[in-house]
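**Student:** To start, I am sharing the structure in question, which I have written as structure tokens.
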Amino acid sequence: MRTVRDWLDEYSTSHVNRVNQKYHFVCIPLIAFSIVCALKAAPLGNAWLNPATVVMAAALAYYLWLSWRLALGVLLAFAGFYAGALGVESAAGDRLIWAALGIFVVGWVGQFIGHAIEGTRPSFFKDLQFLLIGPLWELAHLYRSLGLSVDGAGAARHDINHA
């Protein structure tokens with residue numbers, strides 16, 4: 001069974017370049033936010049039980065399995081993303097899905113620019129679970145910069161502390 005440290009260390013190997021790291025620190029939250037918006041746009045459920053909240057709960061369960069400390073940060077991020085999605089929905093109405101699509105495209109273009117600069121392929125080409133590890137990698141960096149403990153994720157950061 002792979003630990004959170006294993007996942008983060010492997011993810012770090014294709015995210016060494018500081019410019020690529022900076023692209024990721026902007027684009028991963030954009031992509032995650034756009035997914036929450038797109039799922040919120042689905043005309044199912046109600047304000048608190050809908051595709052967005054169900055998918056966030058499932059992702060949170062996965063993150064809890066890997067690291068309860070990081071899962072707490074993810075919970076805060078999800079709360080912010082969901083509040084933002086509600087705000088965009090109130091402003092955009094039925095056009096929420098189009099706003100989500102635009103944000104999603106911008107986020108992915110940035111990701112691929114970062115990887116072109118780095119000269120590596122995105123990690124998810126190797127294992128789709130890396131799509132869920134990217135946000136944890138960013139959060140682990142934030143935790144370390146604040147002096148907070150990350151469950152076993154302290155080594156082999158490939159200079160990420162200096163990004």
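Labels for the structure tokens follow display order: chains A, B, ..., residues from 1 in each chain, ligands from 1.
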For Gly110 of chain A, work out the shell of residues within 8 Å, counting only C-alpha atoms and skipping chain neighbours fewer than 2 positions away, then give it as a count of residues only.

**Tutor:** 9

**Student:** Under the rule of at most 10 Å, produce a per-residue listing of segment 42-119 of chain A near segment 2-5 of chain A: chain, number, name, the closest pair of atoms, and the distance in Å, as CSV, using only C-alpha atoms.

**Tutor:**
```
residue,atom,partner,partner_atom,distance
A:Tyr63,CA,A:Val4,CA,9.0
A:Trp65,CA,A:Val4,CA,9.1
A:Leu66,CA,A:Val4,CA,5.4
A:Ser67,CA,A:Val4,CA,6.6
A:Leu70,CA,A:Val4,CA,9.5
```

**Student:** Using only C-alpha atoms, which of A:Lys40, A:Arg95, A:Arg144, A:His115 sits nearest Val16 of chain A?

**Tutor:**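 Smallest distance to Val16 of chain A is found for A:His115.
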
**Student:** Between A:Ala47, A:Ile133, A:Ala41, A:Leu146, which residue has the minimum interatomic distance to Ala92 of chain A, considering only C-alpha atoms?

**Tutor:**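 Once distances to Ala92 of chain A are computed over only C-alpha atoms, the minimum belongs to A:Ala41.
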
**Student:** Take atom CA of Val150 of chain A and atom CA of Phe130 of chain A and report the distance between them in Å, one decimal.

**Tutor:**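 Atom CA of Val150 of chain A sits 17.9 Å away from atom CA of Phe130 of chain A.
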
**Student:** If you run DSSP on this backbone, which residues of chain A come out as alpha helix (DSSP H), and could you give them as a PyMOL selection string?

**Tutor:** chain A and resi 4-12+18-41+51-66+68-92+96-118+130-145

**Student:** Rounded to one decimal, what separation in Å do you get between atom CA of Glu89 of chain A and atom CA of Met56 of chain A?

**Tutor:**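 One can read the atom CA of Glu89 of chain A to atom CA of Met56 of chain A distance as 17.5 Å.
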
**Student:** Could you name the residues that touch Cys37 of chain A at 12 Å or less, counting only C-alpha atoms, but leaving out those on the same chain fewer than 5 positions away, as a PyMOL selection string?

**Tutor:** chain A and resi 30-32+42-43+50-53+55-56+78+80-90+92-104

**Student:** Any idea what the distance is between atom CA of Val19 of chain A and atom CA of Val109 of chain A?

**Tutor:**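 Between atom CA of Val19 of chain A and atom CA of Val109 of chain A the gap works out to 14.2 Å.
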
**Student:** Pick from A:Leu132, A:Gln111, A:Ser123, A:Ser149: nearest to Ala58 of chain A, with only C-alpha atoms counted?

**Tutor:** A:Leu132

**Student:** Pick out the residues sitting within 12 Å of Gly73 of chain A, and hand them over as JSON, numbers by chain; count only C-alpha atoms, and ignore anything fewer than 3 positions along from it in its own chain.

**Tutor:** {"A": [60, 63, 64, 67, 68, 69, 70, 76, 77, 78, 79, 80, 135, 136, 137, 138, 139, 140, 141, 142, 143, 148, 149, 150]}

**Student:** Write to file, as a PDB file, in the first residue's frame, the residues of the selection just made, with C-alpha atoms.

**Tutor:**
```pdb
ATOM      1  CA  LEU A  60     -12.428  13.755   1.017  1.00  0.00           C
ATOM      2  CA  TYR A  63      -7.786  12.049   1.305  1.00  0.00           C
ATOM      3  CA  LEU A  64      -8.722  10.946   4.840  1.00  0.00           C
ATOM      4  CA  SER A  67      -3.647  11.680   5.550  1.00  0.00           C
ATOM      5  CA  TRP A  68      -6.115  13.079   8.038  1.00  0.00           C
ATOM      6  CA  ARG A  69      -3.990  16.234   8.430  1.00  0.00           C
ATOM      7  CA  LEU A  70      -4.048  16.978   4.725  1.00  0.00           C
ATOM      8  CA  LEU A  76     -11.311  23.930   4.052  1.00  0.00           C
ATOM      9  CA  ALA A  77     -10.414  24.237   0.369  1.00  0.00           C
ATOM     10  CA  PHE A  78     -13.584  22.389  -0.647  1.00  0.00           C
ATOM     11  CA  ALA A  79     -15.658  24.707   1.538  1.00  0.00           C
ATOM     12  CA  GLY A  80     -14.073  27.698  -0.202  1.00  0.00           C
ATOM     13  CA  PRO A 135      -3.946  19.137  -4.781  1.00  0.00           C
ATOM     14  CA  LEU A 136      -2.371  17.256  -1.844  1.00  0.00           C
ATOM     15  CA  TRP A 137       1.099  18.069  -3.167  1.00  0.00           C
ATOM     16  CA  GLU A 138       0.237  21.765  -3.130  1.00  0.00           C
ATOM     17  CA  LEU A 139      -1.343  21.525   0.289  1.00  0.00           C
ATOM     18  CA  ALA A 140       1.691  19.644   1.665  1.00  0.00           C
ATOM     19  CA  HIS A 141       3.880  22.483   0.391  1.00  0.00           C
ATOM     20  CA  LEU A 142       1.655  25.032   2.133  1.00  0.00           C
ATOM     21  CA  TYR A 143       1.708  23.037   5.373  1.00  0.00           C
ATOM     22  CA  LEU A 148       2.745  22.308  10.014  1.00  0.00           C
ATOM     23  CA  SER A 149       3.204  18.552  10.043  1.00  0.00           C
ATOM     24  CA  VAL A 150       2.301  16.489   7.015  1.00  0.00           C
TER      25      VAL A 150
END
```

**Student:** Report as a PDB file with N, CA and C atoms, in the first residue's frame all protein, DNA and RNA residues lying within 10 Å of Pro122 of chain A, evaluated on only C-alpha atoms, omitting residues in the same chain fewer than 2 positions from it.

**Tutor:**
```
ATOM      1  N   TYR A  11       5.182  12.296  -7.188  1.00  0.00           N
ATOM      2  CA  TYR A  11       4.634  13.455  -7.894  1.00  0.00           C
ATOM      3  C   TYR A  11       5.701  14.537  -8.036  1.00  0.00           C
ATOM      4  N   SER A  14       8.345  14.901 -11.160  1.00  0.00           N
ATOM      5  CA  SER A  14       8.045  15.555 -12.440  1.00  0.00           C
ATOM      6  C   SER A  14       7.594  17.004 -12.237  1.00  0.00           C
ATOM      7  N   HIS A  15       7.921  17.536 -11.057  1.00  0.00           N
ATOM      8  CA  HIS A  15       7.566  18.920 -10.735  1.00  0.00           C
ATOM      9  C   HIS A  15       8.734  19.594 -10.017  1.00  0.00           C
ATOM     10  N   GLN A 111      -1.328  24.126 -16.938  1.00  0.00           N
ATOM     11  CA  GLN A 111      -0.645  22.890 -16.514  1.00  0.00           C
ATOM     12  C   GLN A 111       0.285  22.388 -17.624  1.00  0.00           C
ATOM     13  N   PHE A 112      -0.225  22.355 -18.847  1.00  0.00           N
ATOM     14  CA  PHE A 112       0.581  21.833 -19.946  1.00  0.00           C
ATOM     15  C   PHE A 112       1.719  22.782 -20.316  1.00  0.00           C
ATOM     16  N   GLY A 114       3.325  24.559 -18.083  1.00  0.00           N
ATOM     17  CA  GLY A 114       4.297  24.246 -17.033  1.00  0.00           C
ATOM     18  C   GLY A 114       5.078  22.980 -17.340  1.00  0.00           C
ATOM     19  N   HIS A 115       4.390  21.957 -17.802  1.00  0.00           N
ATOM     20  CA  HIS A 115       5.081  20.705 -18.119  1.00  0.00           C
ATOM     21  C   HIS A 115       5.944  20.840 -19.364  1.00  0.00           C
ATOM     22  N   ALA A 116       5.556  21.678 -20.317  1.00  0.00           N
ATOM     23  CA  ALA A 116       6.408  21.921 -21.481  1.00  0.00           C
ATOM     24  C   ALA A 116       7.700  22.601 -21.039  1.00  0.00           C
ATOM     25  N   GLU A 118       9.044  22.365 -18.059  1.00  0.00           N
ATOM     26  CA  GLU A 118       9.791  21.359 -17.287  1.00  0.00           C
ATOM     27  C   GLU A 118      10.373  20.278 -18.187  1.00  0.00           C
ATOM     28  N   GLY A 119       9.686  19.998 -19.285  1.00  0.00           N
ATOM     29  CA  GLY A 119      10.137  18.932 -20.175  1.00  0.00           C
ATOM     30  C   GLY A 119       9.702  17.551 -19.712  1.00  0.00           C
ATOM     31  N   THR A 120       8.611  17.499 -18.950  1.00  0.00           N
ATOM     32  CA  THR A 120       8.088  16.213 -18.476  1.00  0.00           C
ATOM     33  C   THR A 120       6.609  16.097 -18.828  1.00  0.00           C
ATOM     34  N   PHE A 124      -0.274  12.199 -14.260  1.00  0.00           N
ATOM     35  CA  PHE A 124      -1.478  11.386 -14.432  1.00  0.00           C
ATOM     36  C   PHE A 124      -1.421  10.503 -15.674  1.00  0.00           C
ATOM     37  N   PHE A 125      -0.481  10.771 -16.595  1.00  0.00           N
ATOM     38  CA  PHE A 125      -0.315   9.867 -17.730  1.00  0.00           C
ATOM     39  C   PHE A 125       0.192   8.507 -17.256  1.00  0.00           C
ATOM     40  N   LYS A 126       0.886   8.505 -16.120  1.00  0.00           N
ATOM     41  CA  LYS A 126       1.401   7.267 -15.539  1.00  0.00           C
ATOM     42  C   LYS A 126       0.344   6.575 -14.677  1.00  0.00           C
ATOM     43  N   ASP A 127      -0.400   7.363 -13.897  1.00  0.00           N
ATOM     44  CA  ASP A 127      -1.414   6.820 -12.989  1.00  0.00           C
ATOM     45  C   ASP A 127      -2.464   7.902 -12.764  1.00  0.00           C
ATOM     46  N   PHE A 130      -2.886  10.376  -9.743  1.00  0.00           N
ATOM     47  CA  PHE A 130      -2.140  11.625  -9.582  1.00  0.00           C
ATOM     48  C   PHE A 130      -3.027  12.851  -9.799  1.00  0.00           C
ATOM     49  N   LEU A 131      -4.164  12.670 -10.470  1.00  0.00           N
ATOM     50  CA  LEU A 131      -5.108  13.787 -10.580  1.00  0.00           C
ATOM     51  C   LEU A 131      -5.622  14.195  -9.199  1.00  0.00           C
TER      52      LEU A 131
END
```
